[in-house]
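Contents: one structure, followed by commentary.
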Amino acid sequence: METALETAVREVADWLRESRSTVVLTGAGISTESGIPDFRGPNGLWTKNPGAEKAATLQTYLADREVRVRAWRGRVEGGLWTDAEPNAGHLALAELEQKGKLDLLITQNIDSLHLKAGNSLERMVEIHGNLREFVCMGCGERGPIERVLERVRAGEDDPPCRRCGGILKSATISFGQNLVAEDYARSERAAARCELFLAIGTSLTVYPVAYLPEVALRNGARLVIINAQETPYDGLAHAIIREPIGQVLPRIVAAV
C-alpha cells in the first residue's frame with residue numbers, strides 16, 4: 001500500500017504528463033537547499049531582522065545614501081551568493097523543460113540559479129528581476145553588475161550613472177517598485193491558459209504575483225503546492241506536498 005506522499009508524487013507526475021500547458025511559480029524556498037536563506041520562513045532574513053525588509057524598499061534606497069553604500073559594500077563582500085549552485089530542485093525543473101512539459105517558469109528569485117541549472121530565458125520570467133545586472137533609476141541604462149562592482153572595489157562607495165549621474169541599483173524589483181508590466185502580463189496570460197499550475201517554495205503572500213494561482217484556478221487549472229509552510233491557497237489546492245523540494249521534485253519529474 002503506497003504512502004500519502006507516494007500517492008501525491010504519482011498524481012502530480014500523471015497531471016504533468018497529461019497537461020498540455022504547465023506553469024511553474026518558484027519562490028525563495030527552492031533556493032534554501034543551495035544555502036540561500038528565504039525571507040519569511042521561521043529562520044528567514046526578514047523574520048529575524050524586520051529592519052532589513054524596510055531597507056529593501058525603493059523609497060529608502062533612493063532617499064538614504066548610507067543604505068546604498070551598505071548595499072554596494074555588501075555585494076562586493078559576497079552578498080550576491082555568487083558561489084551558490086543549483087540544487088536538485090532547480091535541476092529537476094530544467095529537466096522538466098527539456099522534456100517539453102514546461103510552458104513557463106515564473107520565478108520570484110533573483111539568484112539566477114534556474115538559469116545556471118539549464119532553464120532557458122525564453123521560457124522564464126524573472127518577475128522580481130535579477131542580480132546579474134544594474135539599472136539606472138534616472139535614465140534606465142542597464143548592464144552587467146560587475147561593471148559597478150569594479151567601481152566600488154576601486155573606491156566609489158555609491159557609484160552614480162556615468163550617462164546621467166542618476167542612482168544605480170541592482171536590476172531587482174524592490175518593495176514600492178512596480179513590476180515590469182510586460183513580465184507580469186506574460187505571466188498572467190500563461191496562468192490563464194495553463195492546465196496545471198505548480199507553486200514551489202513560495203509563501204504566495206507577495207502581490208501581485210500571488211494572484212497568479214487564482215487566475216489559473218479561475219480558468220480551470222489544477223493547482224499543486226510544494227512548500228514547507230502553509231499558504232493562503234492550501235484550501236484550494238488539488239495537491240499539497242510539504243517534503244523538501246530537492247527530494248520530492250526530482251522524484252516527480254523522473255516519473256513524467
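Identifiers in the C-alpha cells: chain A, B, ... in order shown; residue index from 1 per chain; ligand index from 1 in order shown.
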All strand (DSSP E) positions in region 128-243 of chain A, as a list in words
Gly129, Asn130, Leu131, Arg132, Glu133, Phe134, Val135, Cys136, Arg142, Gly143, Pro144, Leu168, Lys169, Ser170, Ala171, Thr172, Leu196, Phe197, Leu198, Ala199, Ile200, Arg222, Leu223, Val224, Ile225, Ile226, Ala239, Ile240 and Ile241 of chain A
With C-alpha atoms retained, write the just-selected residues as a JSON list (two decimals), in the first residue's frame.
```json
[["chain", "number", "residue", "atom", "x", "y", "z"],
["A", 129, "GLY", "CA", 14.43, 40.97, -11.60],
["A", 130, "ASN", "CA", 17.94, 39.64, -11.13],
["A", 131, "LEU", "CA", 21.31, 40.38, -9.54],
["A", 132, "ARG", "CA", 23.29, 39.88, -12.77],
["A", 133, "GLU", "CA", 22.62, 43.42, -13.97],
["A", 134, "PHE", "CA", 22.47, 47.01, -12.73],
["A", 135, "VAL", "CA", 19.90, 49.61, -13.72],
["A", 136, "CYS", "CA", 19.98, 53.41, -13.51],
["A", 142, "ARG", "CA", 21.37, 48.62, -17.83],
["A", 143, "GLY", "CA", 24.47, 46.46, -17.94],
["A", 144, "PRO", "CA", 26.42, 43.72, -16.15],
["A", 168, "LEU", "CA", 22.30, 52.91, -9.69],
["A", 169, "LYS", "CA", 20.83, 49.77, -8.13],
["A", 170, "SER", "CA", 20.75, 46.09, -8.93],
["A", 171, "ALA", "CA", 18.15, 45.18, -11.55],
["A", 172, "THR", "CA", 15.88, 43.73, -8.89],
["A", 196, "LEU", "CA", -1.57, 22.79, -14.40],
["A", 197, "PHE", "CA", -0.01, 25.39, -12.07],
["A", 198, "LEU", "CA", 2.77, 24.40, -9.68],
["A", 199, "ALA", "CA", 3.65, 26.78, -6.82],
["A", 200, "ILE", "CA", 7.02, 25.68, -5.44],
["A", 222, "ARG", "CA", -5.21, 22.23, -11.27],
["A", 223, "LEU", "CA", -3.09, 23.78, -8.52],
["A", 224, "VAL", "CA", -0.19, 21.94, -6.84],
["A", 225, "ILE", "CA", 1.64, 23.48, -3.87],
["A", 226, "ILE", "CA", 5.06, 22.24, -2.77],
["A", 239, "ALA", "CA", -2.35, 18.55, -4.05],
["A", 240, "ILE", "CA", -0.08, 19.84, -1.25],
["A", 241, "ILE", "CA", 3.39, 18.43, -0.59]]
```
Residues of region 92-123 of chain A in alpha helix (DSSP H) according to DSSP, as a PyMOL selection string?
chain A and resi 92-98+113-117
Requested write-out: C-alpha atoms of the selected residues, as a short mmCIF file (atom, residue, chain, number, x, y, z; two decimals), in the first residue's frame:
```
data_model
loop_
_atom_site.label_atom_id
_atom_site.label_comp_id
_atom_site.auth_asym_id
_atom_site.auth_seq_id
_atom_site.Cartn_x
_atom_site.Cartn_y
_atom_site.Cartn_z
CA ALA A 92 14.51 18.92 -11.89
CA LEU A 93 12.78 21.97 -13.37
CA ALA A 94 15.47 22.22 -16.06
CA GLU A 95 14.79 18.56 -16.85
CA LEU A 96 11.05 19.27 -16.97
CA GLU A 97 11.69 21.92 -19.63
CA GLN A 98 13.92 19.51 -21.56
CA LEU A 113 20.01 29.57 -10.18
CA HIS A 114 17.31 28.44 -12.62
CA LEU A 115 19.40 29.84 -15.44
CA LYS A 116 22.51 28.17 -14.01
CA ALA A 117 20.61 24.86 -13.80
#
```
A straight line from CA of Val256 (chain A) to CA of Gly29 (chain A) spans 22.7 Å
Write out as a PyMOL selection string the residues lying within 12 Å of Thr205 (chain A), counting only C-alpha atoms and excluding same-chain residues fewer than 3 positions away.
chain A and resi 27+39-40+108+199+201-202+208-213+229-233
Ranking A:Ala192, A:Ile30, A:Ile127, A:Leu217 by minimum distance to Gly246 (chain A) and counting only C-alpha atoms, which one comes first?
A:Ile30
Would you mind telling me which residue in A:Gln247, A:Ser21, A:Asn87, A:Ser120 lies nearest to Glu195 (chain A) when using only C-alpha atoms?
A:Ser21
Would you kindly return, as a short mmCIF file (atom, residue, chain, number, x, y, z; two decimals) with N, CA and C atoms, in the first residue's frame, each protein, DNA or RNA residue with an atom no farther than 7 Å from any atom of Ser34 (chain A), considering only C-alpha atoms and excluding same-chain residues fewer than 6 positions away?
```
data_model
loop_
_atom_site.label_atom_id
_atom_site.label_comp_id
_atom_site.auth_asym_id
_atom_site.auth_seq_id
_atom_site.Cartn_x
_atom_site.Cartn_y
_atom_site.Cartn_z
N ALA A 84 26.78 30.15 -4.85
CA ALA A 84 25.67 29.21 -4.74
C ALA A 84 25.50 28.42 -6.03
N GLU A 85 25.18 27.15 -5.87
CA GLU A 85 24.97 26.27 -7.02
C GLU A 85 23.53 25.76 -7.03
N PRO A 86 22.99 25.49 -8.20
CA PRO A 86 21.63 24.93 -8.27
C PRO A 86 21.57 23.62 -7.50
N ASN A 87 20.45 23.38 -6.85
CA ASN A 87 20.26 22.11 -6.15
C ASN A 87 19.37 21.18 -6.99
#
```
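Taking CA of Ile173 (chain A) and CA of Leu149 (chain A) as endpoints, the distance between them is 18.9 Å.
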Exercise: Arg68 (chain A) partners within 10 Å, only C-alpha atoms, chain neighbours under 2 positions left out, as a list in words
Ala55, Thr60, Tyr61, Leu62, Ala63, Asp64, Arg65, Glu66, Arg70, Ala71, Trp72, Arg73, Gly74, Asp157, Asp158, Pro159, Ile167, Leu168 and Lys169 of chain A
